[in-house]
$ cat work.pdb   # PDB, C-alpha atoms
ATOM      1  CA  MET B   1      -2.170  12.108  15.753  1.00  0.00           C
ATOM      2  CA  LYS B   2      -1.546   8.716  14.209  1.00  0.00           C
ATOM      3  CA  SER B   3       1.877   7.161  14.073  1.00  0.00           C
ATOM      4  CA  ALA B   4       3.427   6.093  10.779  1.00  0.00           C
ATOM      5  CA  TYR B   5       2.775   2.452  11.629  1.00  0.00           C
ATOM      6  CA  ASP B   6      -0.948   3.163  12.061  1.00  0.00           C
ATOM      7  CA  ILE B   7      -1.099   4.643   8.550  1.00  0.00           C
ATOM      8  CA  VAL B   8       0.887   1.997   6.626  1.00  0.00           C
ATOM      9  CA  ILE B   9      -0.723  -1.329   7.537  1.00  0.00           C
ATOM     10  CA  ARG B  10       1.069  -3.868   5.329  1.00  0.00           C
ATOM     11  CA  PRO B  11       2.723  -4.283   1.920  1.00  0.00           C
ATOM     12  CA  VAL B  12       0.937  -5.933  -1.002  1.00  0.00           C
ATOM     13  CA  ILE B  13       2.902  -8.874  -2.376  1.00  0.00           C
ATOM     14  CA  THR B  14       1.433  -9.889  -5.736  1.00  0.00           C
ATOM     15  CA  GLU B  15       2.874 -10.648  -9.141  1.00  0.00           C
ATOM     16  CA  GLN B  16       1.744  -7.298 -10.517  1.00  0.00           C
ATOM     17  CA  SER B  17       3.128  -5.302  -7.589  1.00  0.00           C
ATOM     18  CA  MET B  18       6.488  -7.104  -7.801  1.00  0.00           C
ATOM     19  CA  GLU B  19       6.838  -6.115 -11.471  1.00  0.00           C
ATOM     20  CA  ALA B  20       6.340  -2.476 -10.476  1.00  0.00           C
ATOM     21  CA  VAL B  21       9.286  -2.653  -8.033  1.00  0.00           C
ATOM     22  CA  GLU B  22      11.668  -2.324 -10.990  1.00  0.00           C
ATOM     23  CA  MET B  23      10.176   1.134 -11.671  1.00  0.00           C
ATOM     24  CA  LYS B  24      10.529   2.051  -7.946  1.00  0.00           C
ATOM     25  CA  LYS B  25       6.785   1.706  -7.315  1.00  0.00           C
ATOM     26  CA  TYR B  26       5.675  -0.010  -4.124  1.00  0.00           C
ATOM     27  CA  VAL B  27       2.150  -1.007  -3.091  1.00  0.00           C
ATOM     28  CA  PHE B  28       0.833  -0.841   0.481  1.00  0.00           C
ATOM     29  CA  ILE B  29      -2.500  -1.273   2.230  1.00  0.00           C
ATOM     30  CA  VAL B  30      -3.060   1.886   4.260  1.00  0.00           C
ATOM     31  CA  ALA B  31      -5.602   3.240   6.739  1.00  0.00           C
ATOM     32  CA  LYS B  32      -8.907   4.185   5.102  1.00  0.00           C
ATOM     33  CA  ASP B  33      -8.863   7.714   6.532  1.00  0.00           C
ATOM     34  CA  ALA B  34      -5.246   8.485   5.557  1.00  0.00           C
ATOM     35  CA  ASN B  35      -4.623  11.076   2.842  1.00  0.00           C
ATOM     36  CA  LYS B  36      -1.751  11.245   0.353  1.00  0.00           C
ATOM     37  CA  THR B  37       0.445  13.598   2.367  1.00  0.00           C
ATOM     38  CA  GLU B  38       0.127  11.426   5.487  1.00  0.00           C
ATOM     39  CA  ILE B  39       1.019   8.322   3.459  1.00  0.00           C
ATOM     40  CA  LYS B  40       4.031  10.101   1.928  1.00  0.00           C
ATOM     41  CA  LYS B  41       5.351  11.143   5.351  1.00  0.00           C
ATOM     42  CA  ALA B  42       4.719   7.694   6.851  1.00  0.00           C
ATOM     43  CA  VAL B  43       6.587   5.797   4.109  1.00  0.00           C
ATOM     44  CA  SER B  44       9.476   8.271   4.277  1.00  0.00           C
ATOM     45  CA  GLU B  45       9.678   7.870   8.054  1.00  0.00           C
ATOM     46  CA  ILE B  46       9.430   4.066   8.150  1.00  0.00           C
ATOM     47  CA  PHE B  47      11.753   3.180   5.262  1.00  0.00           C
ATOM     48  CA  GLY B  48      13.978   6.279   5.033  1.00  0.00           C
ATOM     49  CA  VAL B  49      13.275   6.957   1.350  1.00  0.00           C
ATOM     50  CA  GLN B  50      12.237   9.989  -0.711  1.00  0.00           C
ATOM     51  CA  VAL B  51       8.707   9.705  -2.110  1.00  0.00           C
ATOM     52  CA  GLU B  52       7.876  11.417  -5.395  1.00  0.00           C
ATOM     53  CA  LYS B  53       4.209  10.526  -5.880  1.00  0.00           C
ATOM     54  CA  VAL B  54       1.388   8.703  -4.079  1.00  0.00           C
ATOM     55  CA  THR B  55      -1.661   7.245  -5.826  1.00  0.00           C
ATOM     56  CA  THR B  56      -4.541   5.884  -3.742  1.00  0.00           C
ATOM     57  CA  ILE B  57      -7.344   3.472  -4.608  1.00  0.00           C
ATOM     58  CA  ASN B  58     -10.386   2.611  -2.488  1.00  0.00           C
ATOM     59  CA  MET B  59     -11.061  -1.100  -2.973  1.00  0.00           C
ATOM     60  CA  ASP B  60     -14.608  -2.273  -2.234  1.00  0.00           C
ATOM     61  CA  GLY B  61     -15.139  -5.647  -0.632  1.00  0.00           C
ATOM     62  CA  LYS B  62     -16.306  -8.464  -2.877  1.00  0.00           C
ATOM     63  CA  GLN B  63     -19.601 -10.189  -2.275  1.00  0.00           C
ATOM     64  CA  LYS B  64     -19.116 -13.793  -1.147  1.00  0.00           C
ATOM     65  CA  ARG B  65     -21.611 -16.533  -0.460  1.00  0.00           C
ATOM     66  CA  GLN B  66     -21.613 -18.080   2.986  1.00  0.00           C
ATOM     67  CA  GLY B  67     -24.017 -20.952   2.357  1.00  0.00           C
ATOM     68  CA  ARG B  68     -27.410 -20.468   0.771  1.00  0.00           C
ATOM     69  CA  TYR B  69     -28.895 -17.164   1.970  1.00  0.00           C
ATOM     70  CA  PRO B  70     -26.480 -15.057   3.969  1.00  0.00           C
ATOM     71  CA  ALA B  71     -24.485 -13.242   1.302  1.00  0.00           C
ATOM     72  CA  GLY B  72     -21.490 -11.705   3.035  1.00  0.00           C
ATOM     73  CA  ARG B  73     -18.777  -9.325   1.902  1.00  0.00           C
ATOM     74  CA  THR B  74     -15.026  -9.309   2.247  1.00  0.00           C
ATOM     75  CA  ALA B  75     -13.505  -6.300   3.955  1.00  0.00           C
ATOM     76  CA  SER B  76     -13.000  -3.118   1.947  1.00  0.00           C
ATOM     77  CA  PHE B  77      -9.610  -1.404   2.153  1.00  0.00           C
ATOM     78  CA  LYS B  78      -7.492   1.426   0.778  1.00  0.00           C
ATOM     79  CA  LYS B  79      -4.457   0.725  -1.365  1.00  0.00           C
ATOM     80  CA  ALA B  80      -1.608   3.154  -2.045  1.00  0.00           C
ATOM     81  CA  VAL B  81       0.973   2.999  -4.845  1.00  0.00           C
ATOM     82  CA  VAL B  82       4.091   4.898  -3.769  1.00  0.00           C
ATOM     83  CA  LYS B  83       6.623   6.026  -6.398  1.00  0.00           C
ATOM     84  CA  LEU B  84      10.105   6.892  -5.185  1.00  0.00           C
ATOM     85  CA  THR B  85      12.386   9.549  -6.649  1.00  0.00           C
ATOM     86  CA  ALA B  86      15.137   8.489  -9.062  1.00  0.00           C
ATOM     87  CA  ASP B  87      17.948   9.239  -6.594  1.00  0.00           C
ATOM     88  CA  SER B  88      16.219   7.554  -3.632  1.00  0.00           C
ATOM     89  CA  LYS B  89      17.380   4.205  -2.291  1.00  0.00           C
ATOM     90  CA  THR B  90      15.143   1.174  -2.703  1.00  0.00           C
ATOM     91  CA  ILE B  91      13.101  -0.454   0.054  1.00  0.00           C
ATOM     92  CA  GLU B  92      15.072  -3.492   1.236  1.00  0.00           C
ATOM     93  CA  PHE B  93      11.956  -5.415   2.297  1.00  0.00           C
ATOM     94  CA  PHE B  94      10.976  -5.977  -1.339  1.00  0.00           C
ATOM     95  CA  GLU B  95      14.465  -6.858  -2.620  1.00  0.00           C
ATOM     96  CA  GLY B  96      14.395 -10.568  -1.779  1.00  0.00           C
ATOM     97  CA  MET B  97      10.990 -11.099  -3.370  1.00  0.00           C
ATOM     98  CA  VAL B  98      11.781 -10.001  -6.919  1.00  0.00           C
TER      99      VAL B  98
END

$ encode --input "work.pdb" --output "structure tokens"
Amino acid sequence: MKSAYDIVIRPVITEQSMEAVEMKKYVFIVAKDANKTEIKKAVSEIFGVQVEKVTTINMDGKQKRQGRYPAGRTASFKKAVVKLTADSKTIEFFEGMV
């Protein structure tokens, strides 16, 4: 069985994800084989919060040119948007970035 730190890889820090923090929505890059219930348990265990809803998105890698012929691709990944319950505390990691 995977640990919680194997499921949640890293947070996504972008302008759009920081605007969603006000609505208690947090964005993470997660393991590609993780499902919504595993992500919910992992975020609850790591940050000590109550998760209401998890939405996942499979992001395909973009095609990039590496010179003339060898067209490469960036890595594909899975992104999860985690919404916390109204009575849950916030995640302190994101507080200084807003």

$ atom_distance --input "work.pdb" --atom1 "CA of Ala80 (chain B)" --atom2 "CA of Asp33 (chain B)"
12.1 Å

$ resolve_selection --input "work.pdb" --expression "the PyMOL selection byres ((chain B and resi 78) around 9)" --output "MDAnalysis selection string"
chainID B and resid 28:34 56:60 76:77 79:80

$ write_last_selection --input "work.pdb" --atoms "C-alpha atoms" --output "PDB file, keeping the file's coordinate frame"
ATOM      1  CA  PHE B  28       0.833  -0.841   0.481  1.00  0.00           C
ATOM      2  CA  ILE B  29      -2.500  -1.273   2.230  1.00  0.00           C
ATOM      3  CA  VAL B  30      -3.060   1.886   4.260  1.00  0.00           C
ATOM      4  CA  ALA B  31      -5.602   3.240   6.739  1.00  0.00           C
ATOM      5  CA  LYS B  32      -8.907   4.185   5.102  1.00  0.00           C
ATOM      6  CA  ASP B  33      -8.863   7.714   6.532  1.00  0.00           C
ATOM      7  CA  ALA B  34      -5.246   8.485   5.557  1.00  0.00           C
ATOM      8  CA  THR B  56      -4.541   5.884  -3.742  1.00  0.00           C
ATOM      9  CA  ILE B  57      -7.344   3.472  -4.608  1.00  0.00           C
ATOM     10  CA  ASN B  58     -10.386   2.611  -2.488  1.00  0.00           C
ATOM     11  CA  MET B  59     -11.061  -1.100  -2.973  1.00  0.00           C
ATOM     12  CA  ASP B  60     -14.608  -2.273  -2.234  1.00  0.00           C
ATOM     13  CA  SER B  76     -13.000  -3.118   1.947  1.00  0.00           C
ATOM     14  CA  PHE B  77      -9.610  -1.404   2.153  1.00  0.00           C
ATOM     15  CA  LYS B  79      -4.457   0.725  -1.365  1.00  0.00           C
ATOM     16  CA  ALA B  80      -1.608   3.154  -2.045  1.00  0.00           C
TER      17      ALA B  80
END

$ atom_distance --input "work.pdb" --atom1 "CA of Ala4 (chain B)" --atom2 "CA of Lys62 (chain B)"
28.1 Å

$ resolve_selection --input "work.pdb" --expression "the PyMOL selection byres ((chain B and resi 53) around 10)" --output "PDB file with C-alpha atoms, keeping the file's coordinate frame"
ATOM      1  CA  LYS B  25       6.785   1.706  -7.315  1.00  0.00           C
ATOM      2  CA  LYS B  36      -1.751  11.245   0.353  1.00  0.00           C
ATOM      3  CA  THR B  37       0.445  13.598   2.367  1.00  0.00           C
ATOM      4  CA  LYS B  40       4.031  10.101   1.928  1.00  0.00           C
ATOM      5  CA  GLN B  50      12.237   9.989  -0.711  1.00  0.00           C
ATOM      6  CA  VAL B  51       8.707   9.705  -2.110  1.00  0.00           C
ATOM      7  CA  GLU B  52       7.876  11.417  -5.395  1.00  0.00           C
ATOM      8  CA  VAL B  54       1.388   8.703  -4.079  1.00  0.00           C
ATOM      9  CA  THR B  55      -1.661   7.245  -5.826  1.00  0.00           C
ATOM     10  CA  VAL B  81       0.973   2.999  -4.845  1.00  0.00           C
ATOM     11  CA  VAL B  82       4.091   4.898  -3.769  1.00  0.00           C
ATOM     12  CA  LYS B  83       6.623   6.026  -6.398  1.00  0.00           C
ATOM     13  CA  LEU B  84      10.105   6.892  -5.185  1.00  0.00           C
ATOM     14  CA  THR B  85      12.386   9.549  -6.649  1.00  0.00           C
TER      15      THR B  85
END

$ closest_residue --input "work.pdb" --among "B:Ser88, B:Thr74, B:Ser3, B:Ser17" --to "Glu38 (chain B)" --atoms "all atoms listed in the file"
B:Ser3

$ closest_residue --input "work.pdb" --among "B:Asp87, B:Glu15, B:Asp6, B:Glu92" --to "Phe47 (chain B)" --atoms "all atoms listed in the file"
B:Glu92

$ atom_distance --input "work.pdb" --atom1 "CA of Lys2 (chain B)" --atom2 "CA of Ala86 (chain B)"
28.6 Å

$ resolve_selection --input "work.pdb" --expression "the PyMOL selection byres ((chain B and resi 22) around 12)" --output "PyMOL selection string"
chain B and resi 16-21+23-26+83-84+86+90-91+94-95+97-98

$ build_atoms --input "work.pdb" --residues "region 29-60 of chain B" --atoms "N, CA and C atoms" --output "CSV table (one decimal), in the frame of the given file"
chain,number,residue,atom,x,y,z
B,29,ILE,N,-1.1,-1.5,1.7
B,29,ILE,CA,-2.5,-1.3,2.2
B,29,ILE,C,-2.4,-0.3,3.4
B,30,VAL,N,-3.2,0.8,3.3
B,30,VAL,CA,-3.1,1.9,4.3
B,30,VAL,C,-4.4,2.1,5.0
B,31,ALA,N,-4.4,2.9,6.0
B,31,ALA,CA,-5.6,3.2,6.7
B,31,ALA,C,-6.6,3.9,5.8
B,32,LYS,N,-7.9,3.6,6.0
B,32,LYS,CA,-8.9,4.2,5.1
B,32,LYS,C,-9.0,5.7,5.2
B,33,ASP,N,-8.7,6.3,6.4
B,33,ASP,CA,-8.9,7.7,6.5
B,33,ASP,C,-7.6,8.5,6.3
B,34,ALA,N,-6.5,7.8,5.8
B,34,ALA,CA,-5.2,8.5,5.6
B,34,ALA,C,-5.3,9.2,4.2
B,35,ASN,N,-4.7,10.4,4.1
B,35,ASN,CA,-4.6,11.1,2.8
B,35,ASN,C,-3.2,10.9,2.3
B,36,LYS,N,-3.0,11.5,1.1
B,36,LYS,CA,-1.8,11.2,0.4
B,36,LYS,C,-0.5,11.8,1.1
B,37,THR,N,-0.7,13.0,1.7
B,37,THR,CA,0.4,13.6,2.4
B,37,THR,C,0.8,12.8,3.6
B,38,GLU,N,-0.2,12.3,4.3
B,38,GLU,CA,0.1,11.4,5.5
B,38,GLU,C,0.8,10.1,5.1
B,39,ILE,N,0.4,9.6,4.0
B,39,ILE,CA,1.0,8.3,3.5
B,39,ILE,C,2.5,8.6,3.0
B,40,LYS,N,2.7,9.7,2.4
B,40,LYS,CA,4.0,10.1,1.9
B,40,LYS,C,5.0,10.3,3.1
B,41,LYS,N,4.5,11.0,4.2
B,41,LYS,CA,5.4,11.1,5.4
B,41,LYS,C,5.6,9.8,6.1
B,42,ALA,N,4.6,9.0,6.1
B,42,ALA,CA,4.7,7.7,6.9
B,42,ALA,C,5.7,6.8,6.2
B,43,VAL,N,5.7,6.7,4.8
B,43,VAL,CA,6.6,5.8,4.1
B,43,VAL,C,8.0,6.3,4.2
B,44,SER,N,8.1,7.7,4.1
B,44,SER,CA,9.5,8.3,4.3
B,44,SER,C,10.1,8.0,5.7
B,45,GLU,N,9.2,8.1,6.7
B,45,GLU,CA,9.7,7.9,8.1
B,45,GLU,C,10.0,6.4,8.3
B,46,ILE,N,9.2,5.5,7.9
B,46,ILE,CA,9.4,4.1,8.2
B,46,ILE,C,10.6,3.5,7.4
B,47,PHE,N,10.7,3.8,6.1
B,47,PHE,CA,11.8,3.2,5.3
B,47,PHE,C,12.9,4.1,5.0
B,48,GLY,N,12.9,5.4,5.3
B,48,GLY,CA,14.0,6.3,5.0
B,48,GLY,C,14.2,6.5,3.6
B,49,VAL,N,13.2,6.7,2.8
B,49,VAL,CA,13.3,7.0,1.4
B,49,VAL,C,12.6,8.3,1.0
B,50,GLN,N,12.8,8.8,-0.2
B,50,GLN,CA,12.2,10.0,-0.7
B,50,GLN,C,11.1,9.6,-1.7
B,51,VAL,N,9.9,10.0,-1.3
B,51,VAL,CA,8.7,9.7,-2.1
B,51,VAL,C,8.4,10.8,-3.1
B,52,GLU,N,8.2,10.4,-4.4
B,52,GLU,CA,7.9,11.4,-5.4
B,52,GLU,C,6.4,11.6,-5.5
B,53,LYS,N,5.6,10.5,-5.6
B,53,LYS,CA,4.2,10.5,-5.9
B,53,LYS,C,3.5,9.4,-5.1
B,54,VAL,N,2.2,9.7,-4.7
B,54,VAL,CA,1.4,8.7,-4.1
B,54,VAL,C,0.1,8.7,-4.8
B,55,THR,N,-0.4,7.5,-5.2
B,55,THR,CA,-1.7,7.2,-5.8
B,55,THR,C,-2.5,6.3,-4.9
B,56,THR,N,-3.7,6.7,-4.6
B,56,THR,CA,-4.5,5.9,-3.7
B,56,THR,C,-5.7,5.3,-4.5
B,57,ILE,N,-6.2,4.1,-4.0
B,57,ILE,CA,-7.3,3.5,-4.6
B,57,ILE,C,-8.2,2.9,-3.5
B,58,ASN,N,-9.5,3.2,-3.5
B,58,ASN,CA,-10.4,2.6,-2.5
B,58,ASN,C,-10.9,1.3,-3.1
B,59,MET,N,-10.6,0.2,-2.5
B,59,MET,CA,-11.1,-1.1,-3.0
B,59,MET,C,-12.3,-1.5,-2.2
B,60,ASP,N,-13.4,-1.8,-2.9
B,60,ASP,CA,-14.6,-2.3,-2.2
B,60,ASP,C,-14.5,-3.8,-2.0
